[in-house]
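The data block below is upload04.cif; it holds mmCIF, C-alpha atoms.
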data_entry
loop_
_atom_site.label_atom_id
_atom_site.label_comp_id
_atom_site.auth_asym_id
_atom_site.auth_seq_id
_atom_site.Cartn_x
_atom_site.Cartn_y
_atom_site.Cartn_z
CA THR A 1 -2.08 34.10 23.31
CA ARG A 2 -0.53 36.10 20.48
CA ALA A 3 -2.88 34.46 18.01
CA GLY A 4 -6.00 35.76 19.75
CA ALA A 5 -4.99 39.17 21.01
CA PRO A 6 -4.56 41.02 17.66
CA TRP A 7 -8.08 40.08 16.54
CA ASN A 8 -9.69 41.44 19.69
CA GLU A 9 -7.62 44.60 19.47
CA CYS A 10 -8.73 45.08 15.88
CA GLU A 11 -12.38 44.74 16.81
CA GLU A 12 -11.96 47.24 19.63
CA ARG A 13 -10.23 49.78 17.40
CA GLU A 14 -12.83 49.37 14.66
CA ARG A 15 -15.59 50.09 17.15
CA GLU A 16 -13.74 53.25 18.20
CA GLY A 17 -13.38 54.35 14.56
CA GLU A 18 -9.60 54.02 14.31
CA GLY A 19 -8.19 53.22 10.88
CA GLU A 20 -5.12 51.45 12.21
CA GLY A 21 -7.20 48.46 13.22
CA VAL A 22 -8.09 47.70 9.59
CA GLN A 23 -4.46 47.75 8.52
CA GLU A 24 -3.44 45.53 11.39
CA ARG A 25 -6.22 43.10 10.56
CA GLU A 26 -5.05 42.77 6.97
CA SER A 27 -1.50 41.93 8.10
CA MET A 28 -2.50 39.00 10.26
CA ALA A 29 -0.88 35.57 9.84
CA PRO A 30 -2.65 33.08 7.52
CA ALA A 31 -3.41 30.73 10.41
CA SER A 32 -5.30 33.46 12.25
CA ARG A 33 -7.16 34.56 9.12
CA SER A 34 -8.34 31.01 8.38
CA THR A 35 -9.77 30.61 11.87
CA SER A 36 -13.14 32.13 12.56
CA ALA A 37 -13.41 35.28 14.63
CA SER A 38 -15.74 33.59 17.10
CA ALA A 39 -13.01 31.11 18.01
CA PHE A 40 -10.91 33.89 19.46
CA ALA A 41 -13.88 35.78 20.88
CA ASP A 42 -15.03 32.68 22.75
CA GLY A 43 -11.70 32.48 24.55
CA LEU A 44 -9.91 29.92 22.37
CA VAL A 45 -6.25 30.12 21.43
CA VAL A 46 -4.82 28.29 18.40
CA LEU A 47 -1.81 26.26 19.54
CA GLY A 48 -1.01 24.71 16.17
CA GLY A 49 -2.49 23.26 13.02
CA LEU A 50 -1.98 22.24 9.42
CA LYS A 51 -3.76 22.30 6.10
CA ALA A 52 -6.15 19.36 6.02
CA GLU A 53 -5.39 18.70 2.34
CA THR A 54 -1.92 17.35 3.20
CA VAL A 55 -3.09 14.61 5.58
CA PRO A 56 -4.68 12.23 3.00
CA ILE A 57 -1.59 12.41 0.82
CA LYS A 58 0.76 11.69 3.72
CA ALA A 59 -1.40 8.80 4.96
CA ALA A 60 -1.54 7.19 1.51
CA ILE A 61 2.18 7.64 0.86
CA LEU A 62 3.02 6.12 4.25
CA ALA A 63 0.76 3.11 3.69
CA LEU A 64 1.96 2.39 0.15
CA GLY A 65 5.57 3.07 1.14
CA THR A 66 5.28 0.60 4.01
CA ILE A 67 3.85 -2.12 1.75
CA PHE A 68 6.54 -1.55 -0.89
CA THR A 69 9.27 -1.62 1.78
CA CYS A 70 7.99 -4.94 3.09
CA TYR A 71 7.83 -6.35 -0.44
CA LEU A 72 11.34 -5.14 -1.22
CA THR A 73 12.71 -6.61 2.01
CA SER A 74 10.83 -9.90 1.89
CA SER A 75 10.86 -10.72 -1.84
CA VAL A 76 13.89 -8.93 -3.29
CA LEU A 77 16.45 -8.81 -0.49
CA LEU A 78 15.74 -11.79 1.77
CA GLY A 79 13.74 -14.13 -0.47
CA HIS A 80 11.07 -14.87 2.10
CA THR A 81 8.34 -14.55 -0.54
CA PRO A 82 8.33 -14.96 -4.35
CA LEU A 83 9.05 -11.98 -6.57
CA TRP A 84 5.88 -12.33 -8.66
CA LEU A 85 2.72 -11.12 -6.91
CA PRO A 86 3.13 -12.29 -3.34
CA ASP A 87 0.30 -11.71 -0.91
CA ILE A 88 0.66 -8.46 1.05
CA THR A 89 0.21 -10.33 4.32
CA HIS A 90 2.94 -12.84 3.48
CA CYS A 91 5.30 -9.98 2.65
CA ALA A 92 4.95 -8.84 6.27
CA ARG A 93 5.30 -12.20 8.07
CA GLY A 94 9.07 -12.51 8.17
CA SER A 95 11.63 -10.63 10.21
CA PRO A 96 12.34 -7.69 10.12
CA GLU A 97 9.59 -6.82 7.62
CA ARG A 98 6.75 -7.51 10.04
CA TYR A 99 8.08 -4.79 12.34
CA PHE A 100 8.18 -2.35 9.42
CA PHE A 101 4.60 -3.29 8.60
CA ARG A 102 3.33 -2.80 12.14
CA ILE A 103 4.91 0.62 12.59
CA GLY A 104 4.00 1.95 9.16
CA MET A 105 0.44 0.64 8.91
CA CYS A 106 -0.52 1.54 12.47
CA THR A 107 0.70 5.10 11.95
CA SER A 108 -1.02 5.35 8.59
CA CYS A 109 -4.29 4.01 10.00
CA CYS A 110 -4.23 6.59 12.80
CA MET A 111 -3.84 9.29 10.16
CA LEU A 112 -6.69 7.75 8.16
CA VAL A 113 -8.94 7.98 11.23
CA LEU A 114 -8.31 11.74 11.25
CA VAL A 115 -8.99 11.82 7.52
CA TRP A 116 -12.35 10.13 8.03
CA VAL A 117 -13.35 12.53 10.80
CA THR A 118 -12.53 15.45 8.51
CA THR A 119 -14.32 13.76 5.60
CA GLY A 120 -17.51 13.43 7.63
CA VAL A 121 -17.47 17.12 8.51
CA TRP A 122 -16.67 18.17 4.93
CA ALA A 123 -19.30 15.96 3.28
CA ASP A 124 -21.98 16.97 5.77
CA ARG A 125 -21.23 20.65 5.14
CA VAL A 126 -21.46 20.18 1.37
CA CYS A 127 -24.78 18.33 1.60
CA LYS A 128 -26.37 20.81 3.99
CA GLU A 129 -25.19 23.80 1.97
CA HIS A 130 -26.94 22.53 -1.13
CA GLY A 131 -30.10 21.42 0.64
CA THR A 132 -29.75 17.64 0.54
CA ARG A 133 -30.46 15.25 3.40
CA GLY A 134 -26.84 14.24 3.78
CA SER A 135 -27.43 10.81 2.30
CA CYS A 136 -29.20 9.31 -0.68
CA CYS A 137 -31.66 6.44 -0.37
CA LYS A 138 -28.99 3.73 -0.80
CA ALA A 139 -26.09 5.32 1.08
CA LEU A 140 -25.12 5.75 4.71
CA PRO A 141 -25.33 9.25 6.20
CA ASN A 142 -22.05 11.14 6.21
CA ASP A 143 -21.49 10.84 9.96
CA LYS A 144 -22.08 7.08 9.90
CA SER A 145 -19.91 6.74 6.80
CA ALA A 146 -17.05 8.49 8.59
CA LEU A 147 -17.55 6.26 11.63
CA THR A 148 -17.55 3.15 9.43
CA GLY A 149 -14.33 4.22 7.72
CA ALA A 150 -12.65 4.95 11.05
CA VAL A 151 -13.71 1.58 12.49
CA GLY A 152 -12.22 -0.11 9.44
CA CYS A 153 -8.89 1.59 10.12
CA LEU A 154 -8.93 0.33 13.70
CA LEU A 155 -9.65 -3.18 12.43
CA LEU A 156 -6.61 -2.99 10.17
CA ILE A 157 -4.46 -1.99 13.14
CA MET A 158 -5.63 -5.17 14.88
CA GLY A 159 -4.96 -7.23 11.76
CA SER A 160 -1.49 -5.73 11.28
CA CYS A 161 -0.28 -6.12 14.85
CA CYS A 162 -1.11 -9.83 15.03
CA ILE A 163 0.97 -10.88 12.00
CA GLU A 164 3.47 -13.55 13.04
CA PRO A 165 5.61 -16.14 11.21
CA GLY A 166 4.80 -19.82 10.92
CA ASP A 167 2.15 -21.46 13.08
CA MET A 168 2.11 -18.51 15.46
CA MET A 169 -0.03 -16.56 13.00
CA PRO A 170 -3.58 -15.95 14.37
CA TRP A 171 -5.33 -16.14 11.02
CA THR A 172 -8.79 -15.57 12.46
CA PHE A 173 -7.91 -12.20 13.98
CA HIS A 174 -5.95 -11.15 10.92
CA THR A 175 -8.72 -12.15 8.52
CA ILE A 176 -11.30 -10.24 10.56
CA GLY A 177 -9.07 -7.17 10.67
CA ALA A 178 -8.01 -7.12 7.02
CA THR A 179 -11.40 -8.10 5.56
CA GLY A 180 -13.20 -5.73 7.91
CA PHE A 181 -10.93 -2.89 6.79
CA PHE A 182 -11.70 -3.36 3.10
CA LEU A 183 -15.43 -3.82 3.64
CA CYS A 184 -15.69 -0.75 5.86
CA GLN A 185 -13.68 1.35 3.42
CA VAL A 186 -15.78 0.28 0.45
CA PHE A 187 -19.08 1.02 2.22
CA ALA A 188 -17.87 4.35 3.59
CA MET A 189 -16.22 5.55 0.38
CA CYS A 190 -19.17 4.59 -1.81
CA SER A 191 -21.60 6.30 0.57
CA VAL A 192 -19.65 9.55 0.78
CA THR A 193 -19.19 9.60 -2.99
CA SER A 194 -22.91 9.06 -3.54
CA ASN A 195 -23.90 11.75 -1.03
CA VAL A 196 -21.53 14.39 -2.36
CA SER A 197 -22.44 13.55 -5.96
CA SER A 198 -26.13 14.01 -5.13
CA ALA A 199 -25.43 17.37 -3.52
CA ALA A 200 -23.33 18.52 -6.47
CA ARG A 201 -25.99 17.39 -8.94
CA ALA A 202 -28.73 19.20 -6.97
CA ALA A 203 -26.66 22.38 -6.97
CA GLU A 204 -26.01 22.19 -10.71
CA GLU A 205 -29.70 21.61 -11.45
CA SER A 206 -30.54 24.71 -9.40
CA GLY A 207 -27.93 26.75 -11.25
CA LEU A 208 -25.77 27.18 -8.16
CA VAL A 209 -22.01 26.98 -7.83
CA VAL A 210 -20.82 23.89 -5.97
CA HIS A 211 -18.65 25.15 -3.13
CA GLY A 212 -16.08 22.99 -1.36
CA VAL A 213 -16.07 20.19 -3.95
CA SER A 214 -13.29 19.69 -6.46
CA PRO A 215 -14.51 18.52 -9.89
CA MET A 216 -11.31 16.53 -10.35
CA GLY A 217 -11.65 14.93 -6.91
CA LEU A 218 -15.26 13.98 -7.54
CA VAL A 219 -14.42 12.37 -10.89
CA ILE A 220 -11.66 10.31 -9.26
CA LYS A 221 -14.02 9.17 -6.53
CA LYS A 222 -16.67 8.06 -9.04
CA TRP A 223 -14.12 6.01 -10.99
CA CYS A 224 -12.83 4.47 -7.75
CA VAL A 225 -16.37 3.42 -6.83
CA LYS A 226 -16.77 1.74 -10.24
CA ALA A 227 -13.44 -0.01 -9.68
CA PHE A 228 -14.66 -1.21 -6.26
CA TYR A 229 -17.71 -2.82 -7.82
CA ALA A 230 -15.61 -4.43 -10.56
CA LEU A 231 -13.04 -5.84 -8.13
CA LEU A 232 -15.68 -7.20 -5.76
CA ALA A 233 -17.46 -8.81 -8.71
CA LEU A 234 -14.21 -10.47 -9.83
CA GLU A 235 -13.58 -11.64 -6.27
CA ALA A 236 -16.88 -13.52 -6.40
CA ILE A 237 -16.82 -14.69 -10.02
CA LEU A 238 -13.25 -15.99 -10.41
CA PRO A 239 -13.50 -18.79 -7.82
CA ILE A 240 -16.81 -19.90 -9.31
CA CYS A 241 -15.25 -20.07 -12.77
CA GLY A 242 -12.38 -22.14 -11.41
CA VAL A 243 -9.68 -19.62 -12.36
CA LYS A 244 -6.39 -20.60 -10.77
CA GLY A 245 -3.31 -18.56 -10.01
CA PRO A 246 -2.52 -15.61 -7.75
CA THR A 247 -5.88 -13.97 -8.39
CA GLY A 248 -6.43 -13.24 -4.70
CA ALA A 249 -3.11 -11.44 -4.43
CA VAL A 250 -3.78 -9.44 -7.59
CA LEU A 251 -7.18 -8.32 -6.34
CA GLU A 252 -5.70 -7.44 -2.94
CA TRP A 253 -3.03 -5.22 -4.49
CA LEU A 254 -5.54 -3.54 -6.81
CA LEU A 255 -8.07 -2.98 -4.03
CA THR A 256 -5.40 -1.48 -1.77
CA ALA A 257 -4.25 0.86 -4.52
CA ASN A 258 -7.86 1.84 -5.27
CA VAL A 259 -8.52 2.70 -1.62
CA MET A 260 -5.45 4.92 -1.47
CA VAL A 261 -6.35 6.69 -4.73
CA TRP A 262 -9.75 7.53 -3.24
CA VAL A 263 -8.07 8.83 -0.10
CA VAL A 264 -5.68 11.02 -2.11
CA SER A 265 -8.62 12.48 -4.05
CA LEU A 266 -9.83 14.02 -0.78
CA SER A 267 -6.89 16.42 -0.88
CA TYR A 268 -8.50 18.16 -3.87
CA ASP A 269 -11.75 18.61 -1.96
CA PHE A 270 -10.12 19.72 1.28
CA SER A 271 -8.14 22.27 -0.73
CA ALA A 272 -11.31 23.52 -2.47
CA ALA A 273 -13.09 23.77 0.88
CA GLN A 274 -10.03 25.50 2.44
CA LEU A 275 -10.14 23.24 5.49
CA TYR A 276 -7.61 23.93 8.23
CA ALA A 277 -7.12 21.47 11.09
CA ALA A 278 -6.22 23.44 14.22
CA TYR A 279 -5.62 22.51 17.83
CA VAL A 280 -7.20 25.04 20.17
CA GLU A 281 -7.19 25.47 23.93
CA PRO A 282 -9.46 27.52 26.20
CA GLN A 283 -7.70 30.61 27.47
CA GLN A 284 -8.88 32.68 30.38
CA GLY A 285 -8.76 36.41 30.09
CA LEU A 286 -10.07 36.64 26.52
CA PRO A 287 -13.51 38.22 26.16
CA SER A 288 -16.39 36.03 25.04
CA THR A 289 -18.71 36.77 22.15
CA LYS A 290 -21.55 37.81 24.40
CA THR A 291 -19.31 40.08 26.44
CA SER A 292 -17.68 41.75 23.44
CA ASN A 293 -21.03 42.32 21.69
CA SER A 294 -22.98 43.53 24.71
CA PRO A 295 -23.84 47.26 24.75
CA LYS A 296 -21.77 49.40 27.09
#
Go ahead and render the structure in this file as structure tokens.
Amino acid sequence: TRAGAPWNECEEREREGEGEGVQERESMAPASRSTSASAFADGLVVLGGLKAETVPIKAAILALGTIFTCYLTSSVLLGHTPLWLPDITHCARGSPERYFFRIGMCTSCCMLVLVWVTTGVWADRVCKEHGTRGSCCKALPNDKSALTGAVGCLLLIMGSCCIEPGDMMPWTFHTIGATGFFLCQVFAMCSVTSNVSSAARAAEESGLVVHGVSPMGLVIKKWCVKAFYALLALEAILPICGVKGPTGAVLEWLLTANVMVWVVSLSYDFSAAQLYAAYVEPQQGLPSTKTSNSPK
């Protein structure tokens, strides 16, 4: 309730011509300033929140940290897998590493679902602000891209939870989950990158400033998309050429790292867009917008 009351008091004092309301408005907490005035006027109270730019970094660190922990436990400490380029899945099949993998990857994937929801909102705002359709001719719309990315994260949760040692391993479910995750991420990330790049290019051609898009973040995304194409091409070409060795494991590690680099690049854009993820709750007793703006 404290978050909403000062704003309404400031509006009331400003309508009455009191100067104290302006001073009180300038001294508000950052969380209240970053939330729109209509949120409070419509009877919503901010219960908590965080800067959206921190979520992609935390999700990527948790995912990579989980994989490295499983590799360290399985290959270095217990010797369940070889030291040189073991498959990520095999690093998580033994005990106790498979429990580390389940906890870490499931938590990271839940965070990535939130990242994709925020990404859809951010990309759609950027495209609409600069007058684009929200998708180019060869890319998914931003809302469908976010949904595709989120579905991929749910598939990885399924593929991570079913990892078991020996013959108990349900390879069909795991293959569907892991492969579905990478395919969904590639489609979603390439589509969002294409849509945002088109919007930024349209704004630059019109002589406008691109708001809410980090130049550094966009460059990283474009290079990640090129890396996706290169890795997928190698995945198809190497077996045809008869190349032997741990090529599948190498491509899996590189593709995982590339996905996480793309995710981390979102922190630049969320920071440029000044996105703030807040949890709000309806609160009775606060005046609505129509009530506060109606003539007395």
Translate the PyMOL selection byres ((chain A and resi 231) around 10), as applied to the file shown, into an explicit residue set as an MDAnalysis selection string.
chainID A and resid 225:230 232:237 250:252 254:255 258
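The space separating CA of Thr107 in chain A from CA of Val76 in chain A comes to 24.6 Å.
The interatomic distance for the pair CA of Ser191 in chain A and CA of Cys161 in chain A works out to 28.5 Å.
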Report as an MDAnalysis selection string the full result of the PyMOL selection byres ((chain A and resi 198-204) around 10) when it is applied to this structure.
chainID A and resid 123:124 126:136 192:197 205:213 215 218
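Taking CA of Ala60 in chain A as the reference point, CA of Gly177 in chain A is found at 18.6 Å.
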Selection result for the PyMOL selection byres ((chain A and resi 149) around 9) on this file, as a short mmCIF file (atom, residue, chain, number, x, y, z; two decimals) with C-alpha atoms, in the frame of the given file:
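Here's the written file result-v4.cif:
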data_model
loop_
_atom_site.label_atom_id
_atom_site.label_comp_id
_atom_site.auth_asym_id
_atom_site.auth_seq_id
_atom_site.Cartn_x
_atom_site.Cartn_y
_atom_site.Cartn_z
CA LEU A 112 -6.69 7.75 8.16
CA VAL A 113 -8.94 7.98 11.23
CA TRP A 116 -12.35 10.13 8.03
CA VAL A 117 -13.35 12.53 10.80
CA LYS A 144 -22.08 7.08 9.90
CA SER A 145 -19.91 6.74 6.80
CA ALA A 146 -17.05 8.49 8.59
CA LEU A 147 -17.55 6.26 11.63
CA THR A 148 -17.55 3.15 9.43
CA ALA A 150 -12.65 4.95 11.05
CA VAL A 151 -13.71 1.58 12.49
CA GLY A 152 -12.22 -0.11 9.44
CA CYS A 153 -8.89 1.59 10.12
CA LEU A 154 -8.93 0.33 13.70
CA PHE A 181 -10.93 -2.89 6.79
CA CYS A 184 -15.69 -0.75 5.86
CA GLN A 185 -13.68 1.35 3.42
CA VAL A 186 -15.78 0.28 0.45
CA PHE A 187 -19.08 1.02 2.22
CA ALA A 188 -17.87 4.35 3.59
CA MET A 189 -16.22 5.55 0.38
#
Sphere at (3.9, -6.6, 7.1), radius 10 Å, counting all atoms listed in the file: residues as a PyMOL selection string
chain A and resi 66-71+74+88-105+160-164
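Nearest to Val263 in chain A of all the residues A:Leu156, A:Cys224, A:Leu238, A:Leu85 is A:Cys224, based on only C-alpha atoms.
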Distance criterion (all atoms listed in the file): nearest to Gly180 in chain A out of A:Leu275, A:Ala257, A:Met168, A:Met158:
A:Met158
